[in-house]
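S.K.: So I've got this file, entry37.cif, and it contains mmCIF, C-alpha atoms:
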data_target
loop_
_atom_site.label_atom_id
_atom_site.label_comp_id
_atom_site.auth_asym_id
_atom_site.auth_seq_id
_atom_site.Cartn_x
_atom_site.Cartn_y
_atom_site.Cartn_z
CA MET A 1 88.10 149.60 72.08
CA LEU A 2 85.48 151.90 73.65
CA PHE A 3 86.06 155.19 75.44
CA ARG A 4 83.20 156.74 77.42
CA SER A 5 82.99 160.16 79.05
CA PRO A 6 79.98 161.40 81.04
CA VAL A 7 80.20 164.79 79.34
CA PHE A 8 78.86 163.19 76.13
CA SER A 9 75.75 161.13 76.84
CA THR A 10 74.87 160.13 73.28
CA GLY A 11 77.02 157.04 73.22
CA PRO A 12 80.55 155.73 73.50
CA CYS A 13 83.43 156.65 71.28
CA SER A 14 85.06 153.70 69.53
CA LEU A 15 88.79 153.77 68.97
CA ASN A 16 90.22 151.90 66.00
CA VAL A 17 93.91 151.49 65.30
CA VAL A 18 94.91 152.07 61.67
CA PRO A 19 98.19 150.37 60.75
CA ALA A 20 100.57 152.23 58.49
CA ILE A 21 100.22 151.26 54.85
CA ARG A 22 103.98 151.56 54.51
CA LEU A 23 106.56 150.03 56.82
CA GLY A 24 108.08 152.54 59.23
CA MET A 25 105.47 155.21 58.52
CA PRO A 26 103.08 156.74 61.07
CA TRP A 27 100.21 154.61 62.31
CA GLY A 28 96.90 156.08 63.32
CA VAL A 29 93.91 156.01 65.65
CA ILE A 30 90.38 156.89 64.49
CA ALA A 31 87.79 157.89 67.09
CA SER A 32 84.13 157.71 66.08
CA ASP A 33 80.67 157.61 67.63
CA PRO A 34 77.05 156.84 66.62
CA ARG A 35 76.43 160.43 65.50
CA GLY A 36 78.93 160.06 62.68
CA ILE A 37 81.74 162.03 64.30
CA ASN A 38 85.06 160.74 63.01
CA ALA A 39 88.41 162.17 64.02
CA GLY A 40 91.87 160.76 63.90
CA ALA A 41 95.56 161.30 64.40
CA PHE A 42 98.69 159.68 63.02
CA GLY A 43 102.13 159.42 64.55
CA LEU A 44 104.95 157.13 65.62
CA GLY A 45 104.63 157.38 69.39
CA PRO A 46 102.16 156.88 72.27
CA GLY A 47 100.90 160.46 71.91
CA THR A 48 98.92 159.40 68.82
CA LEU A 49 96.04 158.07 70.94
CA GLN A 50 95.88 161.25 73.00
CA ARG A 51 95.83 163.45 69.89
CA ALA A 52 93.05 161.35 68.34
CA LEU A 53 90.91 161.77 71.44
CA GLY A 54 91.66 165.48 71.43
CA GLU A 55 90.55 165.80 67.80
CA TYR A 56 87.38 163.88 68.63
CA LEU A 57 86.51 165.96 71.68
CA GLU A 58 87.21 169.15 69.72
CA ARG A 59 84.70 168.18 67.05
CA VAL A 60 82.05 167.01 69.51
CA VAL A 61 82.19 170.25 71.48
CA GLY A 62 82.42 172.42 68.37
CA TYR A 63 79.51 170.65 66.64
CA PHE A 64 77.11 170.07 69.51
CA PHE A 65 78.06 171.74 72.79
CA ILE A 66 78.49 175.44 72.01
CA LYS A 67 75.22 176.85 73.28
CA PRO A 68 73.80 180.40 73.12
CA ASP A 69 73.89 182.31 76.40
CA CYS A 70 71.99 185.49 75.50
CA ALA A 71 69.28 186.91 73.25
CA THR A 72 70.28 190.02 71.31
CA GLU A 73 68.22 192.36 69.16
CA CYS A 74 69.65 192.39 65.65
CA GLU A 75 69.83 196.19 65.57
CA MET A 76 72.09 196.01 68.64
CA LEU A 77 74.59 193.62 67.06
CA HIS A 78 78.13 194.81 66.39
CA PRO A 79 78.33 196.40 62.89
CA SER A 80 80.84 193.77 61.72
CA VAL A 81 78.54 190.94 62.82
CA LEU A 82 75.55 192.56 61.15
CA HIS A 83 77.48 193.17 57.91
CA ALA A 84 78.57 189.51 57.76
CA MET A 85 75.03 188.27 58.47
CA HIS A 86 73.54 190.25 55.58
CA GLN A 87 76.05 188.55 53.25
CA LEU A 88 75.51 185.09 54.70
CA LEU A 89 71.73 185.47 54.36
CA PRO A 90 71.39 187.32 51.04
CA GLY A 91 67.95 188.72 50.35
CA GLN A 92 66.56 187.57 53.68
CA SER A 93 65.10 189.74 56.41
CA LEU A 94 66.79 189.37 59.75
CA PRO A 95 64.61 188.51 62.78
CA GLU A 96 64.10 191.05 65.54
CA SER A 97 66.37 189.12 67.87
CA LEU A 98 68.67 186.10 67.83
CA LYS A 99 70.03 183.68 70.36
CA CYS A 100 73.69 184.51 70.57
CA LEU A 101 76.93 183.55 72.24
CA SER A 102 78.92 186.15 74.15
CA MET A 103 82.47 186.09 72.84
CA MET A 104 85.40 188.18 74.03
CA ASP A 105 87.24 190.50 71.68
CA LEU A 106 90.86 189.84 72.63
CA ASN A 107 91.98 193.34 71.67
CA SER A 108 89.40 195.48 73.46
CA GLY A 109 88.34 193.01 76.14
CA ASN A 110 84.70 193.75 75.29
CA LYS A 111 81.96 191.15 75.02
CA VAL A 112 80.47 190.78 71.54
CA SER A 113 77.22 188.90 70.86
CA VAL A 114 77.52 186.56 67.89
CA PRO A 115 75.06 183.93 66.59
CA VAL A 116 76.50 180.55 67.57
CA ASN A 117 76.69 179.47 63.95
CA MET A 118 76.08 182.25 61.48
CA ALA A 119 76.59 180.06 58.41
CA SER A 120 73.76 177.74 59.50
CA LEU A 121 71.14 180.42 60.16
CA GLY A 122 69.57 179.67 56.77
CA LYS A 123 67.07 176.80 56.78
CA ARG A 124 68.97 174.97 54.05
CA TYR A 125 71.95 174.43 56.32
CA MET A 126 69.98 173.36 59.38
CA GLU A 127 68.42 170.46 57.48
CA GLU A 128 71.77 168.85 56.73
CA PRO A 129 72.73 165.77 58.78
CA MET A 130 75.79 167.26 60.42
CA PRO A 131 76.14 170.86 61.59
CA ASN A 132 77.80 173.03 58.98
CA ARG A 133 79.94 175.34 61.04
CA ASP A 134 81.42 178.77 60.53
CA THR A 135 85.00 179.01 59.37
CA SER A 136 86.79 179.33 62.66
CA GLY A 137 89.71 177.97 64.57
CA MET A 138 89.08 175.33 67.20
CA ALA A 139 91.48 173.58 69.53
CA ILE A 140 91.45 171.60 72.75
CA HIS A 141 94.28 171.25 75.25
CA VAL A 142 94.85 170.87 78.98
CA ASP A 143 96.80 174.15 78.83
CA PRO A 144 94.38 177.01 77.94
CA GLU A 145 97.20 179.08 76.40
CA LYS A 146 98.08 176.24 74.02
CA ALA A 147 94.40 175.73 73.21
CA LEU A 148 94.07 179.42 72.29
CA SER A 149 97.30 179.35 70.27
CA GLY A 150 96.10 176.26 68.41
CA ALA A 151 92.69 177.78 67.64
CA ILE A 152 94.27 180.96 66.28
CA GLY A 153 96.69 178.89 64.18
CA GLU A 154 93.82 176.95 62.61
CA PHE A 155 91.97 180.22 61.93
CA ILE A 156 95.04 181.62 60.16
CA GLU A 157 95.42 178.45 58.06
CA ARG A 158 91.89 178.74 56.74
CA GLN A 159 92.06 182.45 56.06
CA CYS A 160 95.35 182.12 54.15
CA LEU A 161 94.07 179.25 52.04
CA LEU A 162 90.86 181.10 51.15
CA ARG A 163 92.87 184.16 50.15
CA ALA A 164 95.25 182.07 48.03
CA TRP A 165 92.26 180.37 46.41
CA PHE A 166 90.24 183.50 45.65
CA GLU A 167 93.14 185.70 44.61
CA ASN A 168 94.47 183.04 42.21
CA SER A 169 97.99 184.43 42.34
CA PRO A 170 101.06 182.25 41.81
CA TRP A 171 102.09 180.53 45.02
CA GLN A 172 105.60 180.49 46.41
CA PRO A 173 107.30 177.08 46.33
CA VAL A 174 109.43 176.54 49.42
CA SER A 175 113.11 175.81 48.97
CA GLU A 176 115.63 174.29 51.37
CA LEU A 177 113.18 171.93 53.08
CA PRO A 178 114.56 169.94 56.02
CA GLY A 179 114.66 166.16 55.82
CA ASN A 180 111.38 164.39 56.56
CA HIS A 181 110.56 160.69 56.27
CA VAL A 182 106.94 161.35 55.17
CA PHE A 183 108.12 163.65 52.39
CA ASP A 184 110.65 161.05 51.27
CA ALA A 185 108.11 158.19 51.32
CA LEU A 186 105.40 160.08 49.41
CA SER A 187 107.98 161.36 46.93
CA ARG A 188 108.62 157.74 45.94
CA MET A 189 104.88 157.35 45.16
CA GLY A 190 104.36 160.69 43.46
CA LYS A 191 105.30 164.35 43.51
CA VAL A 192 105.15 166.42 46.71
CA SER A 193 105.11 170.21 46.43
CA VAL A 194 105.17 172.58 49.40
CA PHE A 195 104.05 176.21 49.16
CA ASP A 196 104.15 179.14 51.54
CA ILE A 197 100.71 180.81 51.32
CA LEU A 198 101.04 183.16 54.30
CA SER A 199 99.30 186.48 53.80
CA GLU A 200 99.23 189.77 55.69
CA PRO A 201 98.61 190.75 58.41
CA PHE A 202 99.92 187.44 59.77
CA THR A 203 103.53 186.44 60.33
CA GLY A 204 105.06 183.01 60.59
CA CYS A 205 104.76 180.06 58.26
CA CYS A 206 101.55 178.82 56.60
CA LEU A 207 102.30 175.81 54.43
CA LEU A 208 100.17 174.04 51.85
CA ALA A 209 101.46 170.66 50.67
CA ILE A 210 100.10 168.99 47.53
CA PHE A 211 100.65 165.33 46.66
CA GLU A 212 100.26 164.30 43.04
CA GLY A 213 100.22 160.51 42.68
CA TYR A 214 101.65 158.76 39.67
CA GLY A 215 98.68 156.38 39.64
CA LYS A 216 95.84 154.91 41.64
CA PRO A 217 94.58 154.55 44.32
CA VAL A 218 95.59 158.05 45.53
CA TRP A 219 96.44 160.60 42.88
CA PHE A 220 95.78 163.83 44.79
CA SER A 221 95.75 164.93 48.41
CA SER A 222 96.68 168.10 50.27
CA SER A 223 97.48 169.35 53.76
CA LEU A 224 97.75 172.66 55.54
CA SER A 225 99.66 173.88 58.59
CA TYR A 226 100.51 177.12 60.35
CA ASP A 227 103.01 177.84 63.11
CA SER A 228 105.27 180.68 64.11
CA ASN A 229 108.12 178.16 64.03
CA PRO A 230 108.73 177.02 60.42
CA GLU A 231 110.22 173.66 61.43
CA VAL A 232 107.11 172.87 63.50
CA ALA A 233 104.82 174.02 60.68
CA TYR A 234 106.63 171.80 58.17
CA ASP A 235 106.57 168.76 60.45
CA LYS A 236 102.83 169.20 61.11
CA CYS A 237 102.16 169.73 57.42
CA MET A 238 103.88 166.48 56.46
CA GLN A 239 102.18 164.54 59.25
CA GLU A 240 98.78 165.83 58.12
CA LEU A 241 99.60 165.07 54.48
CA TRP A 242 100.26 161.45 55.44
CA GLN A 243 97.05 161.37 57.51
CA ILE A 244 94.97 162.68 54.61
CA TYR A 245 96.76 160.38 52.17
CA GLN A 246 95.76 157.40 54.31
CA PHE A 247 92.18 158.69 54.58
CA VAL A 248 91.86 159.01 50.79
CA TYR A 249 93.58 155.63 50.37
CA MET A 250 91.10 153.89 52.68
CA VAL A 251 88.15 155.38 50.79
CA ALA A 252 89.65 154.57 47.38
CA THR A 253 90.29 150.95 48.35
CA GLY A 254 86.90 150.39 50.00
CA ILE A 255 88.11 150.21 53.61
CA LEU A 256 85.91 153.25 54.32
CA ASP A 257 82.56 153.81 52.62
CA GLN A 258 82.01 157.45 51.65
CA SER A 259 78.23 156.92 51.53
CA ASP A 260 78.25 156.15 55.26
CA MET A 261 79.98 159.42 56.19
CA ARG A 262 77.73 161.98 57.89
CA ASP A 263 80.40 164.56 58.59
CA LEU A 264 80.14 167.26 55.92
CA TYR A 265 83.76 168.26 56.47
CA GLN A 266 84.97 164.82 55.34
CA ARG A 267 82.39 164.34 52.60
CA ASP A 268 83.16 167.73 51.09
CA TYR A 269 86.89 167.02 51.06
CA LEU A 270 86.33 163.82 49.07
CA ASP A 271 83.81 165.45 46.71
CA CYS A 272 86.31 168.20 45.90
CA ASN A 273 89.25 165.85 45.59
CA ASN A 274 88.98 165.66 41.81
CA GLN A 275 90.90 166.40 38.62
CA GLU A 276 89.24 169.77 38.02
CA ILE A 277 90.23 171.14 41.43
CA PHE A 278 93.71 169.66 41.13
CA ASN A 279 94.18 171.44 37.81
CA GLU A 280 93.05 174.68 39.46
CA PHE A 281 95.55 174.14 42.27
CA ILE A 282 98.52 173.73 39.94
CA GLU A 283 97.39 176.05 37.11
CA ARG A 284 99.89 178.84 37.77
CA LEU A 285 102.81 177.15 39.50
CA PRO A 286 105.46 178.35 39.95
CA GLU A 287 106.14 181.91 38.90
CA LYS A 288 107.22 183.62 42.08
CA PRO A 289 110.73 183.20 43.49
CA PHE A 290 111.27 180.33 45.85
CA SER A 291 110.44 181.14 49.46
CA LYS A 292 112.51 180.29 52.50
CA LEU A 293 110.74 179.36 55.71
CA GLN A 294 110.47 182.35 58.03
CA HIS A 295 110.01 182.56 61.79
CA GLY A 296 107.00 184.50 63.00
CA ASP A 297 105.64 186.11 66.14
CA SER A 298 103.49 184.86 68.98
CA TYR A 299 99.74 184.41 68.68
CA LYS A 300 99.34 187.61 70.71
CA PHE A 301 101.08 189.51 67.91
CA GLN A 302 98.70 187.99 65.35
CA VAL A 303 95.73 189.14 67.42
CA ARG A 304 97.14 192.67 67.71
CA SER A 305 97.68 192.74 63.94
CA MET A 306 94.01 191.95 63.44
CA GLY A 307 93.13 194.78 65.82
CA GLU A 308 95.26 197.20 63.85
CA LEU A 309 93.07 196.44 60.82
CA GLY A 310 90.02 197.31 62.90
CA ALA A 311 88.95 193.64 62.98
CA LEU A 312 87.29 191.78 65.81
CA ALA A 313 89.30 188.88 67.27
CA LEU A 314 86.69 186.81 69.10
CA MET A 315 87.34 184.00 71.57
CA HIS A 316 85.04 181.51 73.27
CA THR A 317 86.32 179.09 75.90
CA GLN A 318 84.80 176.07 77.63
CA LYS A 319 86.38 173.87 80.27
CA ILE A 320 85.42 170.22 79.82
CA THR A 321 85.06 169.49 83.52
CA SER A 322 83.92 165.87 83.25
CA GLY A 323 86.20 164.81 80.42
CA PRO A 324 89.62 163.18 80.69
CA GLN A 325 92.19 165.58 82.17
CA ASN A 326 89.60 168.42 82.16
CA PRO A 327 90.86 170.04 78.94
CA TRP A 328 90.03 173.52 77.65
CA PHE A 329 88.14 174.03 74.40
CA VAL A 330 88.73 177.30 72.52
CA GLN A 331 86.98 178.67 69.44
CA PHE A 332 88.38 181.71 67.61
CA LYS A 333 86.75 183.61 64.74
CA SER A 334 86.11 187.05 63.28
CA PRO A 335 83.24 188.41 61.16
CA ASP A 336 85.81 190.76 59.61
CA PHE A 337 87.46 187.72 58.03
CA TYR A 338 85.91 184.75 56.21
CA MET A 339 83.13 183.02 58.12
CA HIS A 340 82.69 179.95 55.92
CA ILE A 341 85.03 177.51 54.19
CA LYS A 342 82.83 176.68 51.17
CA PRO A 343 83.24 179.31 48.42
CA SER A 344 80.13 178.13 46.55
CA ARG A 345 77.87 178.88 49.54
CA PRO A 346 76.84 182.28 50.86
CA ILE A 347 80.05 183.69 52.27
CA ASN A 348 81.00 187.16 53.46
CA HIS A 349 83.25 187.97 50.51
CA ASP A 350 83.27 191.63 51.48
CA ASN A 351 85.34 191.87 54.67
CA LEU A 352 88.33 193.79 55.99
CA TYR A 353 90.71 190.96 55.13
CA ALA A 354 89.45 190.49 51.55
CA ARG A 355 89.66 194.22 50.81
CA ARG A 356 93.44 193.87 50.91
CA PHE A 357 93.44 191.45 47.97
CA LYS A 358 94.82 192.47 44.61
CA ARG A 359 91.89 190.82 42.86
CA MET A 360 89.29 188.10 43.35
CA ASP A 361 88.69 185.41 40.75
CA PRO A 362 84.89 185.27 40.18
CA TYR A 363 85.14 181.74 38.77
CA ARG A 364 86.57 180.43 42.01
CA LYS A 365 83.67 181.84 43.98
CA GLN A 366 81.57 179.09 42.40
CA MET A 367 83.94 176.21 43.19
CA ASP A 368 84.64 174.36 46.39
CA LEU A 369 88.10 173.19 47.29
CA PRO A 370 89.37 170.20 49.30
CA PHE A 371 89.94 171.95 52.60
CA PRO A 372 92.59 170.13 54.64
#
In structure tokens, what does this structure look like?

M.R.:
Amino acid sequence: MLFRSPVFSTGPCSLNVVPAIRLGMPWGVIASDPRGINAGAFGLGPGTLQRALGEYLERVVGYFFIKPDCATECEMLHPSVLHAMHQLLPGQSLPESLKCLSMMDLNSGNKVSVPVNMASLGKRYMEEPMPNRDTSGMAIHVDPEKALSGAIGEFIERQCLLRAWFENSPWQPVSELPGNHVFDALSRMGKVSVFDILSEPFTGCCLLAIFEGYGKPVWFSSSLSYDSNPEVAYDKCMQELWQIYQFVYMVATGILDQSDMRDLYQRDYLDCNNQEIFNEFIERLPEKPFSKLQHGDSYKFQVRSMGELGALALMHTQKITSGPQNPWFVQFKSPDFYMHIKPSRPINHDNLYARRFKRMDPYRKQMDLPFP
């Protein structure tokens, strides 16, 4: 099945239905195009197709259609942006000016010029086949408020996981989990552990789920989810765990060929999905008391909490006027938090968020992790 939208002129998007590998479990739709963009969604209802298209459009816009709208002299950049750039480009001289994107700081309302993709300013990144983007939250929705909320939620997920990874502190296993058919099904094939890795200044529920298989073809997969509502966060976490399980299963059984994948996000996940990283994940579990799922505040509260730290909370929006239903695309990021998801690459380790850590494990700065 082909889907074509005039907003993307490089070719049609093919839609492929992925049947559930277990009876009664979520089925999926994978959207892909000639550039190597692959995005999918799994579910039990008709909304699965819509979510797959949304994931696809989000990646296409985030990878290829965020364009600079101003040129800014480096000495005029915001101090937080400049500080992050010096860390992302260690030992390199900055040019006199850069093409930037004007983003809005949601706390002050001021415009802040930011390079479109700071992590790819180095030549090494630009030569890779698929854009290697900053750590940021991205979301697409017909309702701009929901798009912004989704982008901030994804940003929080990534920041919390990076903190949990670098700090190497014992995670909190979650007790009193509600019933879930994905959890039950995967528990029959292996061990499923759910951890609350939320960190200040955020409130709500940030869950990391780890599946440990009892044998091949899938022996390890993980998922991540944030929401102010713990029941929603848990449901999304389990749905994503099943989605990633199926992805790893299709690669392990030869249905998908990893060598054909151009998307660094997917290739990196599979490269890191190994015994060494798994051992790192479970090395110190569990020591802390069991955690109960807690309700959190709205995304506006999370933004204000960032402002109270003195951090920028930057938003970029685009309306996809010629796409289906004219959805809104939102990107959210902050140079005062982590700007890249790969610990082994240049990353702004010194930021307002990281300074709140108890410690940072230097060994883990050299390792990449399977980022859900």

S.K.: Applying the PyMOL selection byres ((chain A and resi 264-272) around 12) to the file I just gave you, which residues come out? Please list them as number ranges by chain.

M.R.: A: 36-40, 59, 63, 125, 128-135, 218, 220-223, 244-245, 247-252, 256-263, 273-281, 340-344, 367-372

S.K.: Which residues come within 10 Å of Glu200 in chain A, counting all atoms listed in the file, excluding same-chain residues fewer than 6 positions away, as a list in words?

M.R.: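 Selected residues are Cys160, Gln302, Ser305, Met306, Tyr353, Arg356 and Phe357 of chain A.
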
S.K.: Run the PyMOL selection byres ((chain A and resi 311) around 12) against the file shown and list the residues it catches, as a VMD selection string.

M.R.: chain A and resid 78 to 81 105 to 108 201 302 to 310 312 to 314 333 to 338 351 to 354

S.K.: What does the structure give for the distance between CA of Cys70 in chain A and CA of Gly137 in chain A, in Å to one decimal?

M.R.: 22.1 Å

S.K.: So, counting all atoms listed in the file, which residue among A:Cys237, A:Leu44, A:Leu148, A:Ile66 is closest to Pro115 in chain A?

M.R.: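 Of A:Cys237, A:Leu44, A:Leu148, A:Ile66, the one nearest Pro115 in chain A is A:Ile66, counting all atoms listed in the file.
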
S.K.: What do you get, as a ChimeraX atom specification, if you spell out every residue that the PyMOL selection byres ((chain A and resi 233) around 10) selects here?

M.R.: /A:204-208,224-232,234-239,293

S.K.: Using only C-alpha atoms, find all polymer residues with an atom at most 9 Å away from the point (97.3, 148.5, 66.4); report them as a PDB file with C-alpha atoms, in the frame of the given file.

M.R.:
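This went into part22.pdb:
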ATOM      1  CA  ASN A  16      90.220 151.900  66.000  1.00  0.00           C
ATOM      2  CA  VAL A  17      93.910 151.490  65.300  1.00  0.00           C
ATOM      3  CA  VAL A  18      94.910 152.070  61.670  1.00  0.00           C
ATOM      4  CA  PRO A  19      98.190 150.370  60.750  1.00  0.00           C
ATOM      5  CA  TRP A  27     100.210 154.610  62.310  1.00  0.00           C
ATOM      6  CA  GLY A  28      96.900 156.080  63.320  1.00  0.00           C
ATOM      7  CA  VAL A  29      93.910 156.010  65.650  1.00  0.00           C
TER       8      VAL A  29
END

S.K.: Closest to Gln243 in chain A among A:Gly153, A:Gly62, A:Pro26, A:Pro327, using all atoms listed in the file?

M.R.: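 Counting all atoms listed in the file, the residue closest to Gln243 in chain A is A:Pro26.
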